[in-house]
file structure_6.tsv (TSV, C-alpha atoms)
chain	number	residue	atom	x	y	z
A	5	MET	CA	12.10	60.90	92.52
A	6	SER	CA	8.91	59.71	94.14
A	7	GLU	CA	7.68	56.16	94.13
A	8	ASN	CA	4.12	55.25	93.30
A	9	LYS	CA	2.50	53.53	96.28
A	10	SER	CA	-1.00	53.19	94.86
A	11	THR	CA	-2.44	49.72	94.31
A	12	PHE	CA	-4.40	50.91	91.26
A	13	ARG	CA	-3.02	49.73	87.92
A	14	THR	CA	-4.34	51.07	84.67
A	15	SER	CA	-4.57	49.20	81.37
A	16	ILE	CA	-3.90	52.48	79.56
A	17	GLY	CA	-0.63	52.31	77.66
A	18	GLY	CA	1.23	54.45	75.22
A	19	GLN	CA	3.95	54.85	72.66
A	20	ALA	CA	6.39	57.65	71.97
A	21	LEU	CA	6.13	59.26	68.54
A	22	ILE	CA	7.98	61.95	66.62
A	23	GLU	CA	7.32	64.98	68.84
A	24	GLY	CA	4.25	63.32	70.27
A	25	ILE	CA	2.54	60.57	72.22
A	26	LEU	CA	0.09	57.80	71.40
A	27	MET	CA	-2.15	56.77	74.30
A	28	ARG	CA	-4.51	53.81	74.14
A	29	GLY	CA	-7.30	53.31	76.65
A	30	PRO	CA	-10.17	50.82	77.00
A	31	GLU	CA	-12.46	52.86	74.75
A	32	LYS	CA	-10.39	55.35	72.75
A	33	GLN	CA	-6.99	55.92	71.24
A	34	ALA	CA	-5.45	59.40	71.14
A	35	ILE	CA	-2.48	60.84	69.29
A	36	VAL	CA	-1.16	64.20	70.46
A	37	VAL	CA	1.65	65.81	68.46
A	38	ARG	CA	3.36	69.16	68.96
A	39	ASP	CA	3.65	70.70	65.52
A	40	GLN	CA	6.36	73.02	64.23
A	41	GLU	CA	4.44	76.05	65.58
A	42	LYS	CA	4.57	74.40	69.05
A	43	ASN	CA	0.81	73.82	69.13
A	44	LEU	CA	-0.70	70.54	70.32
A	45	VAL	CA	-2.58	68.72	67.56
A	46	GLU	CA	-5.02	66.03	68.72
A	47	LYS	CA	-6.46	63.00	66.95
A	48	VAL	CA	-8.90	60.74	68.83
A	49	GLU	CA	-10.43	57.48	67.56
A	50	GLU	CA	-12.96	55.10	69.05
A	51	LEU	CA	-11.50	51.61	69.45
A	52	ARG	CA	-12.93	48.47	67.92
A	53	PHE	CA	-11.42	45.24	69.19
A	54	ILE	CA	-11.11	42.18	66.98
A	55	LYS	CA	-11.76	39.94	70.01
A	56	ASP	CA	-15.32	41.33	70.13
A	57	ARG	CA	-15.98	39.79	66.70
A	58	TYR	CA	-13.85	36.68	67.28
A	59	PRO	CA	-13.92	35.85	71.02
A	60	ILE	CA	-11.34	33.07	70.62
A	61	LEU	CA	-8.70	35.73	69.89
A	62	GLY	CA	-9.17	37.03	73.43
A	63	VAL	CA	-8.32	33.70	75.05
A	64	PRO	CA	-5.15	33.62	77.21
A	65	LEU	CA	-1.99	32.62	75.29
A	66	ILE	CA	-3.70	33.52	71.99
A	67	ARG	CA	-4.47	37.14	72.90
A	68	GLY	CA	-0.79	37.94	73.42
A	69	THR	CA	0.17	37.51	69.77
A	70	VAL	CA	-3.05	39.22	68.59
A	71	ASN	CA	-2.48	42.25	70.84
A	72	PHE	CA	1.19	42.44	69.87
A	73	LEU	CA	0.40	42.57	66.14
A	74	ASP	CA	-2.43	45.05	66.75
A	75	SER	CA	-0.05	47.28	68.70
A	76	MET	CA	2.48	47.07	65.88
A	77	VAL	CA	-0.09	48.14	63.26
A	78	ASN	CA	-1.43	51.02	65.36
A	79	GLY	CA	2.07	52.09	66.32
A	80	VAL	CA	3.24	52.29	62.71
A	81	LYS	CA	0.14	54.27	61.70
A	82	ALA	CA	0.70	56.70	64.57
A	83	LEU	CA	4.39	57.13	63.69
A	84	MET	CA	3.47	57.87	60.07
A	85	TYR	CA	0.91	60.43	61.24
A	86	SER	CA	3.40	62.20	63.54
A	87	ALA	CA	6.11	62.18	60.86
A	88	ASP	CA	3.84	64.14	58.51
A	89	PHE	CA	4.24	67.17	60.80
A	90	TYR	CA	8.01	67.12	60.26
A	91	PRO	CA	8.65	66.45	56.56
A	92	ASP	CA	12.19	66.18	55.21
A	93	GLU	CA	13.66	69.54	54.26
A	94	GLU	CA	15.02	68.09	51.03
A	95	VAL	CA	12.22	66.34	49.17
A	96	ALA	CA	13.55	64.05	46.46
A	97	GLU	CA	11.76	63.46	43.21
A	98	PRO	CA	9.41	60.43	43.50
A	99	SER	CA	10.79	57.25	41.97
A	100	LYS	CA	9.10	55.38	39.13
A	101	PHE	CA	7.91	52.77	41.65
A	102	GLU	CA	6.36	55.46	43.88
A	103	LEU	CA	4.62	57.02	40.88
A	104	TRP	CA	3.30	53.59	39.86
A	105	LEU	CA	1.93	52.99	43.37
A	106	GLU	CA	0.19	56.38	43.43
A	107	LYS	CA	-1.35	55.69	40.02
A	108	HIS	CA	-2.64	52.17	40.75
A	109	LEU	CA	-3.58	52.41	44.42
A	110	SER	CA	-5.94	54.75	46.25
A	111	SER	CA	-4.46	56.78	49.11
A	112	LYS	CA	-6.16	54.49	51.66
A	113	LYS	CA	-4.91	51.30	49.98
A	114	LEU	CA	-1.45	52.80	49.62
A	115	GLU	CA	-1.37	53.66	53.33
A	116	SER	CA	-2.53	50.12	54.22
A	117	ALA	CA	0.17	48.65	51.99
A	118	ILE	CA	2.87	50.82	53.58
A	119	VAL	CA	1.69	49.94	57.10
A	120	ALA	CA	1.59	46.21	56.27
A	121	PHE	CA	5.09	46.38	54.77
A	122	ALA	CA	6.42	48.28	57.80
A	123	VAL	CA	4.90	45.78	60.25
A	124	VAL	CA	6.24	42.78	58.33
A	125	LEU	CA	9.65	44.44	58.09
A	126	GLY	CA	9.66	45.35	61.80
A	127	VAL	CA	8.62	41.89	62.97
A	128	GLY	CA	10.96	40.26	60.46
A	129	MET	CA	13.95	42.32	61.59
A	130	SER	CA	13.23	41.59	65.25
A	131	VAL	CA	12.91	37.86	64.60
A	132	PHE	CA	16.08	37.88	62.51
A	133	LEU	CA	18.18	39.86	65.00
A	134	PHE	CA	17.05	38.24	68.22
A	135	MET	CA	16.10	34.70	67.10
A	136	VAL	CA	17.62	33.69	63.77
A	137	LEU	CA	21.01	35.46	63.91
A	138	PRO	CA	22.05	34.02	67.33
A	139	THR	CA	21.13	30.51	66.12
A	140	PHE	CA	23.24	30.83	62.96
A	141	LEU	CA	26.16	32.43	64.82
A	142	THR	CA	26.13	29.61	67.37
A	143	GLY	CA	25.93	27.03	64.59
A	144	GLY	CA	28.90	28.64	62.84
A	145	ILE	CA	30.99	28.70	66.01
A	146	LEU	CA	30.17	25.13	67.03
A	147	HIS	CA	30.72	23.77	63.52
A	148	PHE	CA	34.32	23.33	64.62
A	149	PHE	CA	33.28	21.57	67.86
A	150	PRO	CA	30.94	18.71	66.81
A	151	ASP	CA	31.00	17.09	70.27
A	152	PHE	CA	30.01	20.25	72.14
A	153	PRO	CA	27.24	19.41	74.68
A	154	MET	CA	23.68	20.51	73.93
A	155	TRP	CA	23.33	22.46	77.19
A	156	GLY	CA	26.42	24.44	76.22
A	157	ARG	CA	24.99	25.19	72.79
A	158	ASN	CA	21.75	26.40	74.37
A	159	LEU	CA	23.72	28.56	76.80
A	160	ILE	CA	25.83	30.21	74.08
A	161	GLU	CA	22.73	30.84	71.95
A	162	GLY	CA	20.94	32.44	74.89
A	163	ILE	CA	23.89	34.67	75.77
A	164	LEU	CA	24.13	35.81	72.15
A	165	LYS	CA	20.41	36.70	72.10
A	166	ILE	CA	20.76	38.93	75.15
A	167	PHE	CA	24.06	40.40	73.90
A	168	ILE	CA	22.58	41.34	70.49
A	169	PHE	CA	19.50	42.81	72.18
A	170	MET	CA	21.71	44.93	74.44
A	171	LEU	CA	23.81	46.14	71.48
A	172	TYR	CA	20.62	47.07	69.65
A	173	LEU	CA	19.30	49.12	72.59
A	174	ILE	CA	22.65	50.88	73.11
A	175	PHE	CA	22.91	51.67	69.39
A	176	CYS	CA	19.39	53.14	69.30
A	177	SER	CA	19.94	55.17	72.47
A	178	ARG	CA	22.98	56.88	70.93
A	179	GLN	CA	21.15	58.14	67.86
A	180	LYS	CA	20.52	61.89	68.09
A	181	ASP	CA	17.18	61.68	66.28
A	182	ILE	CA	15.97	59.01	68.70
A	183	TYR	CA	16.92	60.90	71.87
A	184	ARG	CA	13.84	63.15	71.82
A	185	VAL	CA	11.58	60.17	71.04
A	186	PHE	CA	12.94	58.47	74.14
A	187	GLN	CA	12.24	61.67	76.12
A	188	TYR	CA	8.59	61.40	75.08
A	189	HIS	CA	8.79	57.74	76.13
A	190	GLY	CA	9.84	58.88	79.57
A	191	ALA	CA	7.00	61.42	79.65
A	192	GLU	CA	4.50	58.68	78.82
A	193	HIS	CA	5.68	56.50	81.70
A	194	LYS	CA	5.75	59.35	84.20
A	195	THR	CA	2.23	60.45	83.28
A	196	ILE	CA	0.81	56.95	83.69
A	197	PHE	CA	2.53	56.62	87.08
A	198	CYS	CA	1.01	59.94	88.16
A	199	TYR	CA	-2.45	58.81	87.10
A	200	GLU	CA	-2.05	55.46	88.90
A	201	ALA	CA	-1.00	57.32	92.04
A	202	GLY	CA	-4.31	59.20	91.98
A	203	LEU	CA	-2.61	62.59	91.74
A	204	PRO	CA	-3.89	65.51	89.66
A	205	LEU	CA	-2.38	65.40	86.17
A	206	THR	CA	-0.16	68.46	86.38
A	207	VAL	CA	3.35	68.99	85.04
A	208	GLU	CA	4.67	69.34	88.60
A	209	ASN	CA	3.14	66.03	89.75
A	210	VAL	CA	4.21	64.14	86.64
A	211	ARG	CA	7.77	65.46	86.64
A	212	VAL	CA	8.71	63.74	89.93
A	213	GLN	CA	7.43	60.29	88.91
A	214	PRO	CA	9.75	57.41	87.87
A	215	ARG	CA	10.42	57.03	84.16
A	216	HIS	CA	10.82	53.21	84.31
A	217	HIS	CA	7.52	51.34	84.03
A	218	PRO	CA	7.11	47.54	84.50
A	219	ARG	CA	4.64	47.22	81.60
A	220	CYS	CA	6.91	48.92	79.08
A	221	GLY	CA	7.47	47.45	75.61
A	222	THR	CA	11.23	47.30	76.29
A	223	SER	CA	10.61	45.00	79.24
A	224	PHE	CA	8.17	42.99	77.14
A	225	LEU	CA	10.75	42.37	74.40
A	226	PHE	CA	13.40	41.43	76.95
A	227	VAL	CA	11.05	38.94	78.61
A	228	VAL	CA	10.18	37.51	75.15
A	229	ILE	CA	13.88	36.79	74.66
A	230	CYS	CA	14.24	35.25	78.14
A	231	VAL	CA	11.14	33.07	77.70
A	232	SER	CA	12.38	31.94	74.27
A	233	ILE	CA	15.69	30.93	75.88
A	234	LEU	CA	13.85	28.86	78.51
A	235	PHE	CA	11.54	27.24	75.97
A	236	SER	CA	14.33	26.39	73.54
A	237	SER	CA	16.46	24.96	76.37
A	238	VAL	CA	13.61	22.62	77.35
A	239	VAL	CA	12.68	21.69	73.77
A	240	PHE	CA	16.26	21.08	72.64
A	241	GLY	CA	17.04	19.30	75.89
A	242	ILE	CA	14.31	16.77	75.02
A	243	TRP	CA	14.90	16.92	71.26
A	244	PRO	CA	18.65	17.56	70.79
A	245	VAL	CA	18.70	19.25	67.38
A	246	THR	CA	22.07	20.41	66.06
A	247	ASN	CA	21.03	21.31	62.51
A	248	THR	CA	20.91	25.11	62.34
A	249	TRP	CA	17.98	25.25	59.91
A	250	LEU	CA	15.88	22.89	62.02
A	251	ARG	CA	16.68	24.85	65.17
A	252	THR	CA	15.65	28.08	63.44
A	253	ALA	CA	12.38	26.52	62.28
A	254	ALA	CA	11.69	25.30	65.83
A	255	HIS	CA	12.30	28.82	67.20
A	256	LEU	CA	9.84	30.29	64.71
A	257	LEU	CA	7.19	27.66	65.51
A	258	LEU	CA	7.58	28.37	69.23
A	259	LEU	CA	7.39	32.16	68.80
A	260	PRO	CA	3.56	32.59	69.06
A	261	LEU	CA	3.57	30.53	72.26
A	262	VAL	CA	6.54	32.52	73.60
A	263	VAL	CA	4.76	35.83	72.94
A	264	GLY	CA	1.55	34.47	74.49
A	265	VAL	CA	3.30	33.34	77.67
A	266	THR	CA	5.20	36.63	77.92
A	267	TYR	CA	1.98	38.62	77.58
A	268	GLU	CA	0.36	36.68	80.45
A	269	PHE	CA	3.51	37.08	82.52
A	270	ASN	CA	3.45	40.84	81.98
A	271	ARG	CA	-0.20	40.99	83.02
A	272	TRP	CA	0.60	39.20	86.27
A	273	VAL	CA	3.64	41.36	86.95
A	274	GLY	CA	1.69	44.51	86.16
A	275	ARG	CA	-0.79	43.69	88.92
A	276	HIS	CA	1.66	42.60	91.59
A	277	VAL	CA	4.99	44.38	91.03
A	278	GLN	CA	4.54	46.83	93.92
A	279	GLU	CA	3.58	44.33	96.61
A	280	ASN	CA	5.17	41.06	95.43
A	281	ALA	CA	8.91	40.50	95.99
A	282	LEU	CA	9.16	37.85	93.24
A	283	ALA	CA	7.51	40.18	90.72
A	284	LYS	CA	9.98	42.93	91.63
A	285	ILE	CA	12.94	40.59	91.08
A	286	LEU	CA	11.61	39.34	87.75
A	287	THR	CA	10.99	42.85	86.41
A	288	ALA	CA	14.31	44.32	87.58
A	289	PRO	CA	16.32	43.50	84.41
A	290	GLY	CA	13.65	44.92	82.10
A	291	LEU	CA	13.38	48.08	84.21
A	292	TRP	CA	17.15	48.52	84.10
A	293	MET	CA	17.13	48.25	80.29
A	294	GLN	CA	14.73	51.19	80.16
A	295	ASN	CA	17.77	53.33	81.03
A	296	PHE	CA	18.54	53.02	77.30
A	297	THR	CA	15.01	53.61	75.95
A	298	THR	CA	13.69	56.40	78.21
A	299	ASN	CA	15.13	59.85	78.87
A	300	GLU	CA	14.01	62.62	81.20
A	301	PRO	CA	11.43	64.76	79.36
A	302	ASP	CA	11.04	68.52	79.38
A	303	ASP	CA	7.82	70.20	80.50
A	304	SER	CA	6.44	70.57	76.96
A	305	MET	CA	6.71	66.81	76.47
A	306	ILE	CA	4.98	66.17	79.78
A	307	GLU	CA	2.15	68.50	78.72
A	308	CYS	CA	1.77	66.45	75.53
A	309	ALA	CA	1.63	63.17	77.48
A	310	ILE	CA	-0.89	64.56	79.98
A	311	ARG	CA	-3.22	65.69	77.21
A	312	ALA	CA	-2.97	62.33	75.45
A	313	LEU	CA	-3.83	60.49	78.66
A	314	GLU	CA	-6.75	62.80	79.44
A	315	LEU	CA	-8.25	62.10	76.01
A	316	VAL	CA	-8.44	58.32	76.61
A	317	LEU	CA	-9.70	58.25	80.18
A	318	PRO	CA	-12.78	55.98	80.29
A	319	SER	CA	-16.27	57.37	80.71
A	320	GLU	CA	-16.78	55.04	83.67
A	321	LYS	CA	-14.25	55.37	86.48
A	322	GLY	CA	-12.28	52.17	87.06
A	323	LYS	CA	-13.09	50.66	83.66
A	324	ASP	CA	-9.40	50.83	82.77
A	325	GLU	CA	-8.26	48.87	85.84
A	326	TRP	CA	-5.57	46.35	84.91

call {"tool": "encode", "arguments": {"input": "structure_6.tsv", "output": "structure tokens"}}
result
Amino acid sequence: MSENKSTFRTSIGGQALIEGILMRGPEKQAIVVRDQEKNLVEKVEELRFIKDRYPILGVPLIRGTVNFLDSMVNGVKALMYSADFYPDEEVAEPSKFELWLEKHLSSKKLESAIVAFAVVLGVGMSVFLFMVLPTFLTGGILHFFPDFPMWGRNLIEGILKIFIFMLYLIFCSRQKDIYRVFQYHGAEHKTIFCYEAGLPLTVENVRVQPRHHPRCGTSFLFVVICVSILFSSVVFGIWPVTNTWLRTAAHLLLLPLVVGVTYEFNRWVGRHVQENALAKILTAPGLWMQNFTTNEPDDSMIECAIRALELVLPSEKGKDEW
């Protein structure tokens, strides 16, 4: 497996879909899905950034949360689009609630409502699993040890966060339906590496690239958890809160700052990971965790990723530099 030696870093990023790839560049977003007849179906959209209308949302530390939510919304929409090419074989009769929604909401409003619900559910589940649950589990355990030191409580809570995150990744990686999605994830990473290396975008060139990328969403989530552990250790070291509800509220209040700091950290790492020893050390755990969220793709998946990347290349060379 070759290693990318180029100093060029692209801001183009992607997401694996159901039998497809979402790629997002500085000007356009492209979805490429392989349908049931094995043809590539393309959907390209011009991008409009909210920071252009509200410049304050592009300020460091604020832009991290804004970009994260924007990625969630676009990711859910793209997943819904790709899922339409592979409908369930057994279609159940619509429920009374579904019929009511179709009657009272237009198709566009209904789609917006479903996307909003999915984003809220996704963010809520992540916050619950990786923030709230460890706090409550630690509180339950230490209820029987009222004199347990605060540093020890912070340590147990942090270990539980990482442990639950690892269990979640392992569980997802073992699902048969997710395996192919993670193959497309690997294809996305390999294609971006090939482009950053300045090589022609061919299946042969992409195939030999690494499938672990330092700017991956898996690494981002892991760093979010690590930064939240550091922040909570400092905050609760200064303000020793033992009440579980108050600790949970403090975690939630810190979350936008945690995401903002993580986003800036990832930007720095993305620029310097190849030539900076510290950056390599800091990204190593996140890269290792991509063993669970990326699989080696086949050539048809690589073709899909190449086409998606080609569709979002900027009109001006270098405009996508990280």

call {"tool": "closest_residue", "arguments": {"input": "structure_6.tsv", "among": "A:Ile145, A:Val273, A:Ala281, A:Met154", "to": "Ser236 of chain A", "atoms": "only C-alpha atoms"}}
result
A:Met154

call {"tool": "atom_distance", "arguments": {"input": "structure_6.tsv", "atom1": "atom CA of Pro289 of chain A", "atom2": "atom CA of Leu26 of chain A"}}
result
25.2 Å

call {"tool": "atom_distance", "arguments": {"input": "structure_6.tsv", "atom1": "atom CA of Ile166 of chain A", "atom2": "atom CA of Leu21 of chain A"}}
result
25.9 Å

call {"tool": "residues_around", "arguments": {"input": "structure_6.tsv", "residues": "Ala254 of chain A", "least_positions_apart": "3", "cutoff": "10 Å", "atoms": "all atoms listed in the file", "output": "VMD selection string"}}
result
chain A and resid 236 239 to 240 245 248 to 251 257 to 259

call {"tool": "atom_distance", "arguments": {"input": "structure_6.tsv", "atom1": "atom CA of Ile25 of chain A", "atom2": "atom CA of Gly221 of chain A"}}
result
14.4 Å

call {"tool": "residues_around", "arguments": {"input": "structure_6.tsv", "residues": "Tyr183 of chain A", "least_positions_apart": "6", "cutoff": "12 Å", "atoms": "all atoms listed in the file", "output": "number ranges by chain"}}
result
A: 20-23, 174-177, 189-190, 295-301

call {"tool": "residues_around", "arguments": {"input": "structure_6.tsv", "residues": "segment 199-201 of chain A", "least_positions_apart": "4", "cutoff": "12 Å", "atoms": "only C-alpha atoms", "output": "number ranges by chain"}}
result
A: 6-17, 192-195, 205-207, 209-210, 212-214, 217, 274-275, 278, 309-310, 313-314, 317, 322, 324-326

call {"tool": "write_last_selection", "arguments": {"input": "structure_6.tsv", "atoms": "C-alpha atoms", "output": "PDB file, in the coordinates of the input"}}
result
ATOM      1  CA  SER A   6       8.910  59.710  94.140  1.00  0.00           C
ATOM      2  CA  GLU A   7       7.680  56.160  94.130  1.00  0.00           C
ATOM      3  CA  ASN A   8       4.120  55.250  93.300  1.00  0.00           C
ATOM      4  CA  LYS A   9       2.500  53.530  96.280  1.00  0.00           C
ATOM      5  CA  SER A  10      -1.000  53.190  94.860  1.00  0.00           C
ATOM      6  CA  THR A  11      -2.440  49.720  94.310  1.00  0.00           C
ATOM      7  CA  PHE A  12      -4.400  50.910  91.260  1.00  0.00           C
ATOM      8  CA  ARG A  13      -3.020  49.730  87.920  1.00  0.00           C
ATOM      9  CA  THR A  14      -4.340  51.070  84.670  1.00  0.00           C
ATOM     10  CA  SER A  15      -4.570  49.200  81.370  1.00  0.00           C
ATOM     11  CA  ILE A  16      -3.900  52.480  79.560  1.00  0.00           C
ATOM     12  CA  GLY A  17      -0.630  52.310  77.660  1.00  0.00           C
ATOM     13  CA  GLU A 192       4.500  58.680  78.820  1.00  0.00           C
ATOM     14  CA  HIS A 193       5.680  56.500  81.700  1.00  0.00           C
ATOM     15  CA  LYS A 194       5.750  59.350  84.200  1.00  0.00           C
ATOM     16  CA  THR A 195       2.230  60.450  83.280  1.00  0.00           C
ATOM     17  CA  LEU A 205      -2.380  65.400  86.170  1.00  0.00           C
ATOM     18  CA  THR A 206      -0.160  68.460  86.380  1.00  0.00           C
ATOM     19  CA  VAL A 207       3.350  68.990  85.040  1.00  0.00           C
ATOM     20  CA  ASN A 209       3.140  66.030  89.750  1.00  0.00           C
ATOM     21  CA  VAL A 210       4.210  64.140  86.640  1.00  0.00           C
ATOM     22  CA  VAL A 212       8.710  63.740  89.930  1.00  0.00           C
ATOM     23  CA  GLN A 213       7.430  60.290  88.910  1.00  0.00           C
ATOM     24  CA  PRO A 214       9.750  57.410  87.870  1.00  0.00           C
ATOM     25  CA  HIS A 217       7.520  51.340  84.030  1.00  0.00           C
ATOM     26  CA  GLY A 274       1.690  44.510  86.160  1.00  0.00           C
ATOM     27  CA  ARG A 275      -0.790  43.690  88.920  1.00  0.00           C
ATOM     28  CA  GLN A 278       4.540  46.830  93.920  1.00  0.00           C
ATOM     29  CA  ALA A 309       1.630  63.170  77.480  1.00  0.00           C
ATOM     30  CA  ILE A 310      -0.890  64.560  79.980  1.00  0.00           C
ATOM     31  CA  LEU A 313      -3.830  60.490  78.660  1.00  0.00           C
ATOM     32  CA  GLU A 314      -6.750  62.800  79.440  1.00  0.00           C
ATOM     33  CA  LEU A 317      -9.700  58.250  80.180  1.00  0.00           C
ATOM     34  CA  GLY A 322     -12.280  52.170  87.060  1.00  0.00           C
ATOM     35  CA  ASP A 324      -9.400  50.830  82.770  1.00  0.00           C
ATOM     36  CA  GLU A 325      -8.260  48.870  85.840  1.00  0.00           C
ATOM     37  CA  TRP A 326      -5.570  46.350  84.910  1.00  0.00           C
TER      38      TRP A 326
END

call {"tool": "residues_near_point", "arguments": {"input": "structure_6.tsv", "point": "(-2.8, 58.9, 68.2)", "cutoff": "9 Å", "atoms": "all atoms listed in the file", "output": "PyMOL selection string"}}
result
chain A and resi 21+24-28+33-37+46-49+78-79+81-83+85-86+312

call {"tool": "write_last_selection", "arguments": {"input": "structure_6.tsv", "atoms": "C-alpha atoms", "output": "CSV table (one decimal), in the coordinates of the input"}}
result
chain,number,residue,atom,x,y,z
A,21,LEU,CA,6.1,59.3,68.5
A,24,GLY,CA,4.2,63.3,70.3
A,25,ILE,CA,2.5,60.6,72.2
A,26,LEU,CA,0.1,57.8,71.4
A,27,MET,CA,-2.2,56.8,74.3
A,28,ARG,CA,-4.5,53.8,74.1
A,33,GLN,CA,-7.0,55.9,71.2
A,34,ALA,CA,-5.4,59.4,71.1
A,35,ILE,CA,-2.5,60.8,69.3
A,36,VAL,CA,-1.2,64.2,70.5
A,37,VAL,CA,1.6,65.8,68.5
A,46,GLU,CA,-5.0,66.0,68.7
A,47,LYS,CA,-6.5,63.0,67.0
A,48,VAL,CA,-8.9,60.7,68.8
A,49,GLU,CA,-10.4,57.5,67.6
A,78,ASN,CA,-1.4,51.0,65.4
A,79,GLY,CA,2.1,52.1,66.3
A,81,LYS,CA,0.1,54.3,61.7
A,82,ALA,CA,0.7,56.7,64.6
A,83,LEU,CA,4.4,57.1,63.7
A,85,TYR,CA,0.9,60.4,61.2
A,86,SER,CA,3.4,62.2,63.5
A,312,ALA,CA,-3.0,62.3,75.4

call {"tool": "closest_residue", "arguments": {"input": "structure_6.tsv", "among": "A:Val63, A:Ile168, A:Met135, A:Leu51", "to": "Pro318 of chain A", "atoms": "only C-alpha atoms"}}
result
A:Leu51

call {"tool": "closest_residue", "arguments": {"input": "structure_6.tsv", "among": "A:Ser223, A:Ile242, A:Asp302, A:Asn247", "to": "Thr142 of chain A", "atoms": "only C-alpha atoms"}}
result
A:Asn247

call {"tool": "residues_around", "arguments": {"input": "structure_6.tsv", "residues": "Gly241 of chain A", "least_positions_apart": "2", "cutoff": "12 Å", "atoms": "only C-alpha atoms", "output": "PyMOL selection string"}}
result
chain A and resi 153-159+233-239+243-246

call {"tool": "closest_residue", "arguments": {"input": "structure_6.tsv", "among": "A:Phe224, A:Tyr188, A:Tyr90, A:Phe134", "to": "Asp303 of chain A", "atoms": "all atoms listed in the file"}}
result
A:Tyr188

call {"tool": "closest_residue", "arguments": {"input": "structure_6.tsv", "among": "A:Gln294, A:Phe269, A:Tyr58, A:Ser232", "to": "Met170 of chain A", "atoms": "all atoms listed in the file"}}
result
A:Gln294

call {"tool": "closest_residue", "arguments": {"input": "structure_6.tsv", "among": "A:Arg271, A:Leu225, A:Asp151, A:His216", "to": "Val127 of chain A", "atoms": "only C-alpha atoms"}}
result
A:Leu225

call {"tool": "build_atoms", "arguments": {"input": "structure_6.tsv", "residues": "segment 180-184 of chain A", "atoms": "all heavy atoms", "output": "PDB file, in the frame of the given file"}}
result
ATOM      1  N   LYS A 180      21.019  60.564  67.709  1.00  0.00           N
ATOM      2  CA  LYS A 180      20.520  61.890  68.090  1.00  0.00           C
ATOM      3  C   LYS A 180      19.037  62.051  67.786  1.00  0.00           C
ATOM      4  O   LYS A 180      18.287  62.648  68.565  1.00  0.00           O
ATOM      5  CB  LYS A 180      21.331  62.966  67.370  1.00  0.00           C
ATOM      6  CG  LYS A 180      22.770  63.092  67.865  1.00  0.00           C
ATOM      7  CD  LYS A 180      23.488  64.220  67.145  1.00  0.00           C
ATOM      8  CE  LYS A 180      24.919  64.359  67.659  1.00  0.00           C
ATOM      9  NZ  LYS A 180      25.656  65.449  66.966  1.00  0.00           N
ATOM     10  N   ASP A 181      18.595  61.533  66.656  1.00  0.00           N
ATOM     11  CA  ASP A 181      17.180  61.680  66.280  1.00  0.00           C
ATOM     12  C   ASP A 181      16.253  60.900  67.199  1.00  0.00           C
ATOM     13  O   ASP A 181      15.062  61.216  67.309  1.00  0.00           O
ATOM     14  CB  ASP A 181      16.974  61.207  64.828  1.00  0.00           C
ATOM     15  CG  ASP A 181      17.678  62.115  63.828  1.00  0.00           C
ATOM     16  OD1 ASP A 181      17.988  63.256  64.204  1.00  0.00           O
ATOM     17  OD2 ASP A 181      17.901  61.677  62.687  1.00  0.00           O
ATOM     18  N   ILE A 182      16.792  59.862  67.838  1.00  0.00           N
ATOM     19  CA  ILE A 182      15.970  59.010  68.700  1.00  0.00           C
ATOM     20  C   ILE A 182      15.903  59.570  70.126  1.00  0.00           C
ATOM     21  O   ILE A 182      14.992  59.240  70.884  1.00  0.00           O
ATOM     22  CB  ILE A 182      16.544  57.573  68.723  1.00  0.00           C
ATOM     23  CG1 ILE A 182      16.572  56.999  67.309  1.00  0.00           C
ATOM     24  CG2 ILE A 182      15.723  56.658  69.610  1.00  0.00           C
ATOM     25  CD1 ILE A 182      15.195  56.863  66.674  1.00  0.00           C
ATOM     26  N   TYR A 183      16.850  60.421  70.490  1.00  0.00           N
ATOM     27  CA  TYR A 183      16.920  60.900  71.870  1.00  0.00           C
ATOM     28  C   TYR A 183      15.618  61.570  72.304  1.00  0.00           C
ATOM     29  O   TYR A 183      15.104  61.289  73.394  1.00  0.00           O
ATOM     30  CB  TYR A 183      18.098  61.882  72.022  1.00  0.00           C
ATOM     31  CG  TYR A 183      18.326  62.326  73.446  1.00  0.00           C
ATOM     32  CD1 TYR A 183      19.112  61.553  74.306  1.00  0.00           C
ATOM     33  CD2 TYR A 183      17.742  63.491  73.961  1.00  0.00           C
ATOM     34  CE1 TYR A 183      19.323  61.931  75.626  1.00  0.00           C
ATOM     35  CE2 TYR A 183      17.947  63.874  75.274  1.00  0.00           C
ATOM     36  CZ  TYR A 183      18.730  63.091  76.096  1.00  0.00           C
ATOM     37  OH  TYR A 183      18.926  63.466  77.405  1.00  0.00           O
ATOM     38  N   ARG A 184      15.075  62.454  71.457  1.00  0.00           N
ATOM     39  CA  ARG A 184      13.840  63.150  71.820  1.00  0.00           C
ATOM     40  C   ARG A 184      12.653  62.182  71.872  1.00  0.00           C
ATOM     41  O   ARG A 184      11.755  62.341  72.712  1.00  0.00           O
ATOM     42  CB  ARG A 184      13.557  64.290  70.843  1.00  0.00           C
ATOM     43  CG  ARG A 184      14.444  65.501  71.062  1.00  0.00           C
ATOM     44  CD  ARG A 184      14.040  66.662  70.186  1.00  0.00           C
ATOM     45  NE  ARG A 184      12.720  67.190  70.495  1.00  0.00           N
ATOM     46  CZ  ARG A 184      12.471  68.078  71.454  1.00  0.00           C
ATOM     47  NH1 ARG A 184      13.446  68.527  72.219  1.00  0.00           N
ATOM     48  NH2 ARG A 184      11.233  68.530  71.657  1.00  0.00           N
TER      49      ARG A 184
END
